[in-house]
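A quick write-up on the structure given underneath.
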Amino acid sequence: MSELEWLQNAPCSNLLETDIRSKSFNLAPWNGNSTAKDARTTWKSDRLVLENDQFFQNLHIGDTTALEAISERSTCPKCEKSRKYYCYSCYIPLKETASLIPTIPSLPVQIDVIKHPHELDGKSSAIHAKVICPNSVRVFTYPDIPDYQDEKVLVLFPGDKAEKLDDYFPQHLTVPQKRAQFQRILFVDCTWHQVKSICLDDRIINLPQLILDDRQTVFWRNQKGKPKEYLATIEAIYYFLQDYHTKVLGLKYDGEFDKLLFLFKFMHHRLHELYK
């Protein structure tokens with residue numbers, strides 16, 4: 001069962017914190033803040049985050065309430081398995097939701113997601129990106145990953161040599177020259193304890209590393225021992241694209257990638273309504 005399916009089917013009386021704690025996305029320090037000092041400055045409460053509606057209201061995401069009318073599971077047209085809202089195995093919307101879930105035709109840079117084999121597909125927020133932007137996003141399950149030797153690829157990982165996007169490019173480069181520096185960005189979608197083993201793989205370890213500027217998650221519940229700057233993977237993808245738009249392309253951001261957070265917003269809204 002995906003987290004979306006669980007949210008839809010869970011009655012309010014059963015929404016205990018222990019249940020929600022077991023239905024969480026992976027959060028990781030995409031900006032490099034993974035020290036013990038950062039962990040001590042984490043949120044003191046382990047309650048749901050219900051005050052982030054304003055964040056979504058300021059974005060050009062669209063109305064997610066139509067998904068709430070979907071009450072029954074249906075069959076994925078590709079794998080024929082029972083699903084709800086979208087198929088987290090085939091990364092496609094269902095017949096009932098195809099017209100409700102927005103799509104983005106293409107992104108300015110290609111995105112690869114490497115999932116850990118022990119992580120449940122229905123738990124991955126990165127799959128939202130593949131569902132909403134299928135032409136620019138690829139999803140792989142480790143160790144089945146491409147050999148990036150002949151491609152210009154960066155990996156978003158807070159390693160010792162990681163740089164922020166501002167510092168990665170020499171200042172004299174033009175926009176076309178910056179775009180030519182890399183064509184693909186790699187995200188590792190797993191727990192923070194699993195990510196290092198994947199990034200030490202020979203196919204990834206020598207890729208240039210990037211980190212994000214500090215942002216705070218709008219994840220719907222506080223996670224014990226993790227600072228606000230730990231982002232869900234879909235948030236990291238969204239913020240990277242926002243930075244690429246402004247810092248690489250030199251354009252003003254006007255909501256071009258907000259729809260990537262459509263399913264993330266829906267989950268947040270459902271929990272908010274259930275807790276009311």
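So you can find residues: chains in the structure tokens are A, B, ... in the order shown, residues in each start at 1, and ligands are numbered from 1 in order.
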Pull the closest atom pair for each residue of stretch 45-118 of chain A that gets at most 12 Å from stretch 193-208 of chain A, along with the distance in Å to one decimal, counting only C-alpha atoms, ordering rows by chain and then ascending residue number, as JSON lines.
{"residue": "A:Val113", "atom": "CA", "partner": "A:Ile198", "partner_atom": "CA", "distance": 11.8}
{"residue": "A:Ile114", "atom": "CA", "partner": "A:Ile198", "partner_atom": "CA", "distance": 8.5}
{"residue": "A:Lys115", "atom": "CA", "partner": "A:Ile198", "partner_atom": "CA", "distance": 9.1}
{"residue": "A:His116", "atom": "CA", "partner": "A:Gln194", "partner_atom": "CA", "distance": 7.4}
{"residue": "A:Pro117", "atom": "CA", "partner": "A:Gln194", "partner_atom": "CA", "distance": 10.2}
{"residue": "A:His118", "atom": "CA", "partner": "A:Gln194", "partner_atom": "CA", "distance": 9.5}
Please save all heavy atoms of the selected residues as a PDB file, in the first residue's frame.
ATOM      1  N   VAL A 113      16.879   9.029 -10.390  1.00  0.00           N
ATOM      2  CA  VAL A 113      16.667   8.694  -8.987  1.00  0.00           C
ATOM      3  C   VAL A 113      17.144   7.261  -8.768  1.00  0.00           C
ATOM      4  O   VAL A 113      16.740   6.350  -9.495  1.00  0.00           O
ATOM      5  CB  VAL A 113      15.186   8.824  -8.589  1.00  0.00           C
ATOM      6  CG1 VAL A 113      14.972   8.350  -7.159  1.00  0.00           C
ATOM      7  CG2 VAL A 113      14.707  10.262  -8.759  1.00  0.00           C
ATOM      8  N   ILE A 114      18.004   7.064  -7.775  1.00  0.00           N
ATOM      9  CA  ILE A 114      18.481   5.740  -7.409  1.00  0.00           C
ATOM     10  C   ILE A 114      17.842   5.370  -6.075  1.00  0.00           C
ATOM     11  O   ILE A 114      18.096   6.012  -5.057  1.00  0.00           O
ATOM     12  CB  ILE A 114      20.012   5.678  -7.275  1.00  0.00           C
ATOM     13  CG1 ILE A 114      20.693   6.266  -8.520  1.00  0.00           C
ATOM     14  CG2 ILE A 114      20.462   4.254  -7.014  1.00  0.00           C
ATOM     15  CD1 ILE A 114      20.398   5.520  -9.791  1.00  0.00           C
ATOM     16  N   LYS A 115      17.000   4.340  -6.085  1.00  0.00           N
ATOM     17  CA  LYS A 115      16.323   3.903  -4.878  1.00  0.00           C
ATOM     18  C   LYS A 115      17.057   2.735  -4.240  1.00  0.00           C
ATOM     19  O   LYS A 115      17.579   1.872  -4.925  1.00  0.00           O
ATOM     20  CB  LYS A 115      14.877   3.478  -5.201  1.00  0.00           C
ATOM     21  CG  LYS A 115      13.976   4.605  -5.646  1.00  0.00           C
ATOM     22  CD  LYS A 115      12.634   4.087  -6.114  1.00  0.00           C
ATOM     23  CE  LYS A 115      11.838   3.439  -5.020  1.00  0.00           C
ATOM     24  NZ  LYS A 115      12.115   2.014  -4.771  1.00  0.00           N
ATOM     25  N   HIS A 116      17.035   2.685  -2.932  1.00  0.00           N
ATOM     26  CA  HIS A 116      17.615   1.554  -2.218  1.00  0.00           C
ATOM     27  C   HIS A 116      16.681   0.353  -2.350  1.00  0.00           C
ATOM     28  O   HIS A 116      15.456   0.495  -2.277  1.00  0.00           O
ATOM     29  CB  HIS A 116      17.809   1.913  -0.741  1.00  0.00           C
ATOM     30  CG  HIS A 116      18.679   0.948  -0.004  1.00  0.00           C
ATOM     31  ND1 HIS A 116      18.212  -0.249   0.516  1.00  0.00           N
ATOM     32  CD2 HIS A 116      20.009   0.989   0.313  1.00  0.00           C
ATOM     33  CE1 HIS A 116      19.195  -0.891   1.105  1.00  0.00           C
ATOM     34  NE2 HIS A 116      20.300  -0.164   1.004  1.00  0.00           N
ATOM     35  N   PRO A 117      17.212  -0.861  -2.547  1.00  0.00           N
ATOM     36  CA  PRO A 117      16.343  -2.026  -2.774  1.00  0.00           C
ATOM     37  C   PRO A 117      15.457  -2.386  -1.594  1.00  0.00           C
ATOM     38  O   PRO A 117      14.430  -3.052  -1.772  1.00  0.00           O
ATOM     39  CB  PRO A 117      17.345  -3.152  -3.074  1.00  0.00           C
ATOM     40  CG  PRO A 117      18.632  -2.699  -2.477  1.00  0.00           C
ATOM     41  CD  PRO A 117      18.637  -1.215  -2.626  1.00  0.00           C
ATOM     42  N   HIS A 118      15.819  -1.953  -0.392  1.00  0.00           N
ATOM     43  CA  HIS A 118      15.028  -2.289   0.789  1.00  0.00           C
ATOM     44  C   HIS A 118      13.938  -1.258   1.082  1.00  0.00           C
ATOM     45  O   HIS A 118      13.161  -1.445   2.016  1.00  0.00           O
ATOM     46  CB  HIS A 118      15.940  -2.423   2.016  1.00  0.00           C
ATOM     47  CG  HIS A 118      16.882  -3.582   1.919  1.00  0.00           C
ATOM     48  ND1 HIS A 118      18.051  -3.667   2.657  1.00  0.00           N
ATOM     49  CD2 HIS A 118      16.848  -4.712   1.151  1.00  0.00           C
ATOM     50  CE1 HIS A 118      18.683  -4.784   2.357  1.00  0.00           C
ATOM     51  NE2 HIS A 118      17.980  -5.430   1.436  1.00  0.00           N
TER      52      HIS A 118
END
Please give the complete set of residues from stretch 46-106 of chain A that DSSP, run on the backbone, assigns to strand (DSSP E), formatted as an MDAnalysis selection string. chainID A and resid 74:75 82:83 86:87 92:93
With only C-alpha atoms as the basis for distance, which of A:Gly122, A:Phe262, A:Ile211, A:Gln171 is at the shortest distance from A:Leu67?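 Closest residue, counting only C-alpha atoms: A:Phe262.
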Which residue out of A:Tyr244, A:Tyr230, A:Phe169, A:Tyr88 has the minimum interatomic distance to A:Ile185 when only C-alpha atoms are used?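 Of all the options, A:Tyr244 lies closest to A:Ile185.
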Would you kindly return, as a list in words, each protein, DNA or RNA residue with an atom no farther than 12 Å from any atom of A:Asp150, considering only C-alpha atoms and excluding same-chain residues fewer than 3 positions away? Pro146, Asp147, Val153, Phe182, Gln183, Arg184, Arg203 and Leu207 of chain A
